[in-house]
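Q: Pasting a structure here, questions to come.
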Amino acid sequence: MLISAKYCLGLLFVGTTAVSGCSSAPSRANPPNPRVLPPAGTATPDVSELYRDIGLLAAPSPVAFVGKVSSFASAFPDTTLVLVSISIPNRALTFTREGDRYRAPYEVKLSLNRGEVEAASVNAMEIVRVGSFREVNRTDESIIFQHYFHVPPGVYVISAMVRDVGGSRGETQQDTITVPALGMGRLSTPVVVYEATGRSRLDSAPGLLVSPRSSAVFGRDSTVAIYVEAYGQGTRLPVDFVVRNEKGVQLLRDSATLARRGALFSGVVSVPISTVGVGIAQVSFTRRDAPDSVKAALFVSFGEDIPLMSFEDMLGYLRFFASAGRLSTLRNAPPERRATAWAEFLRATDPIPETSINEDMQSYFGRIQIANAQFRMDRNPGWLSDRGMVFVALGEPDQILERNVNQQISTTQMGATTRLQIWQYRNYNSQLVFYEDTGRWRLTRPSETEFLVLNTRRQR
């Protein structure tokens with residue numbers, strides 16, 4: 001039996017619309033070296049590496065996607081119900097106008113192989129439709145594709161391909177997974193969910209809307225919901241769960257009771273984000289009546305397109321984004337109030353509060369990545385070079401002029417011929433001058449002073 005479902009998430013984080021806004025289909029271990037973003041003096045890693053580090057399938061841009069594999073018991077002891085969920089941001093697809101809406105076709109191919117034998121597969125052509133151009137560039141889990149397989153327990157190679165039909169481009173990711181045998185005394189894979197309806201029969205599938213990224217946003221989400229099933233006798237089943245950070249430090253220990261629903265136990269456990277904090281965490285569930293224990297990764301970030309980092313490092317990255325006063329408020333917030341302080345900071349700096357992202361901050365971190373690539377010859381990382389700082393803070397100049405001059409640049413730099421770059425910003429009625437010094441571009445002293453004044457004036 002194959003069960004397939006695809007969802008388009010609504011504009012708000014918790015809003016979902018199943019199928020009605022989209023075309024119908026045809027028929028998440030502790031990471032050894034989690035890649036948390038290093039201090040603010042280094043370059044940013046590809047976020048897909050972070051997802052792979054916590055055991056997820058993840059493909060980089062241009063057709064970025066994240067996938068998760070989850071296992072549940074079936075009605076037969078020699079068969080396991082496997083759910084493969086794929087998260088695709090709208091921005092990965094090519095949209096075209098369709099009346100007063102926008103549409104983007106895409107293709108998903110999933111296969112599970114044992115050696116040379118294909119055990120199960122699906123090939124689905126889909127169309128996602130959105131109501132406004134703003135939705136076209138969404139980077140969150142705006143599209144979720146889900147498909148259930150019934151396969152025997154064992155080791156498989158999973159292959160996931162997502163193709164942007166309109167852009168004629170695609171990405172494929174493979175990984176080796178172990179599908180467990182699930183029965184009496186066992187627990188299912190814990191999965192981070194947006195919605196969950198527990199099943200009562202093992203010959204059906206749970207009604208889940210999974211978060212393939214297994215993620216939450218610090219300051220926006222108060223809790224994260226994790227769905228888990230258990231199999232065995234009794235009326236109620238207590239389970240213990242522990243949350244640890246990437247260093248193995250215990251953040252939370254608690255318990256929950258899974259209710260009996262027909263032939264199995266199931267329930268949704270809520271984990272408070274303020275306790276977890278920012279970073280990669282692991283949630284472990286253990287039965288009290290049996291030795292079985294299962295784990296789920298949890299990825300808490302500052303927001304879409306913002307690299308994972310510690311709270312302290314985030315303050316370093318925001319040096320050209322926010323005023324010293326706002327950063328001081330964040331820095332002085334005690335750990336238990338950081339989520340609230342961050343939420344207030346986001347609201348105060350968000351140019352379009354009705355959307356789920358802070359567009360200015362998203363653009364700011366996008367400029368950091370561009371600066372790291374374009375100005376790495378000036379300094380590593382490029383965003384802290386003179387040209388990088390100006391680009392990150394003020395954006396792309398309206399015009400760049402280059403010329404050679406025979407003149408003294410300062411009392412300390414002399415040269416027979418000096419190369420200059422002049423960056424013009426019409427909205428600031430300003431031009432900033434850089435000079436080449438032993439292969440690197442530096443702001444002249446008057447321009448450095450002017451830049452500092454401009455940046456202080458425009459900071460939030």
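Residues are named by chain letter and number: chains run A, B, ... in the order of the structure tokens, numbers start at 1 in each chain, and ligands are numbered from 1 in the order shown.
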Find the spatial neighbours of Arg163 of chain A, counting only C-alpha atoms, within a cut-off of 10 Å - ignore same-chain residues fewer than 5 positions away - and output them as a compact mmCIF listing (two decimals) with C-alpha atoms, in the first residue's frame.

A:
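Result saved to result.txt:
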```
# COMPACT_ATOMS: atom_id res chain seq x y z
CA VAL A 63 16.93 23.44 -5.81
CA ALA A 64 17.36 23.21 -2.06
CA ALA A 92 13.69 26.87 -5.13
CA LEU A 93 11.06 26.71 -7.87
CA PRO A 105 5.43 22.64 -11.44
CA TYR A 106 7.93 20.32 -9.81
CA GLU A 107 8.77 16.62 -9.73
CA VAL A 108 9.69 14.37 -6.80
CA LYS A 109 11.28 10.92 -7.20
CA MET A 125 4.51 15.46 -10.72
CA SER A 168 14.92 22.65 -15.88
CA ARG A 169 17.17 22.02 -12.89
CA GLY A 170 17.19 19.54 -10.04
CA GLU A 171 19.08 18.07 -7.09
CA THR A 172 19.45 14.48 -5.87
```

Q: Enumerate, in order of chain and increasing residue number, the residues of segment 252-370 of chain A with an atom no farther than 12 Å from segment 185-190 of chain A, each with its shortest atom pair and distance in Å to one decimal, counting only C-alpha atoms, as a tab-separated table.

A:
```
residue	atom	partner	partner_atom	distance
A:Leu258	CA	A:Leu187	CA	11.0
A:Leu264	CA	A:Leu187	CA	10.3
A:Phe265	CA	A:Leu187	CA	9.4
A:Ser266	CA	A:Ser188	CA	9.4
A:Gly267	CA	A:Pro190	CA	10.2
A:Val268	CA	A:Pro190	CA	9.4
A:Val269	CA	A:Pro190	CA	9.6
A:Ser270	CA	A:Pro190	CA	11.9
A:Gln282	CA	A:Pro190	CA	10.9
A:Val283	CA	A:Pro190	CA	8.7
A:Ser284	CA	A:Pro190	CA	8.8
A:Phe285	CA	A:Pro190	CA	8.1
A:Thr286	CA	A:Leu187	CA	8.3
A:Arg287	CA	A:Leu187	CA	7.8
A:Arg288	CA	A:Gly185	CA	10.0
A:Asp289	CA	A:Gly185	CA	7.7
A:Ala290	CA	A:Gly185	CA	5.8
A:Pro291	CA	A:Gly185	CA	8.0
A:Asp292	CA	A:Arg186	CA	5.7
A:Ser293	CA	A:Leu187	CA	7.1
A:Val294	CA	A:Thr189	CA	6.6
A:Lys295	CA	A:Pro190	CA	6.7
A:Ala296	CA	A:Pro190	CA	5.7
A:Ala297	CA	A:Pro190	CA	9.0
A:Leu298	CA	A:Pro190	CA	10.6
```

Q: Would you list the contacts of segment 176-184 of chain A as a ChimeraX atom specification, taking every protein, DNA or RNA residue within 12 Å and counting only C-alpha atoms, but skipping same-chain residues closer than 4 positions in sequence?

A: /A:28-29,55-57,68-84,111-115,149-160,188-189,202,229-234,263-265,287,289-292,294

Q: Please build the interface table for segment 261-286 of chain A against segment 316-338 of chain A with a cut-off of 9 Å, listing for each qualifying residue the nearest atom pair and the distance in Å to one decimal; count only C-alpha atoms, order rows by chain and increasing number, and write it as a Markdown table.

A:
```
| residue | atom | partner | partner_atom | distance |
| --- | --- | --- | --- | --- |
| A:Ser274 | CA | A:Glu336 | CA | 6.7 |
| A:Thr275 | CA | A:Glu336 | CA | 7.6 |
| A:Gly277 | CA | A:Pro335 | CA | 8.5 |
```

Q: Provide the atom CA of Pro60 of chain A to atom CA of Val47 of chain A distance in Å, to one decimal place.

A: 7.8 Å

Q: Which polymer residues have any atom within 10 Å of an atom of Leu401 of chain A, counting only C-alpha atoms, with same-chain residues fewer than 2 positions away left out, as number ranges by chain?

A: A: 399, 403, 420-424, 433
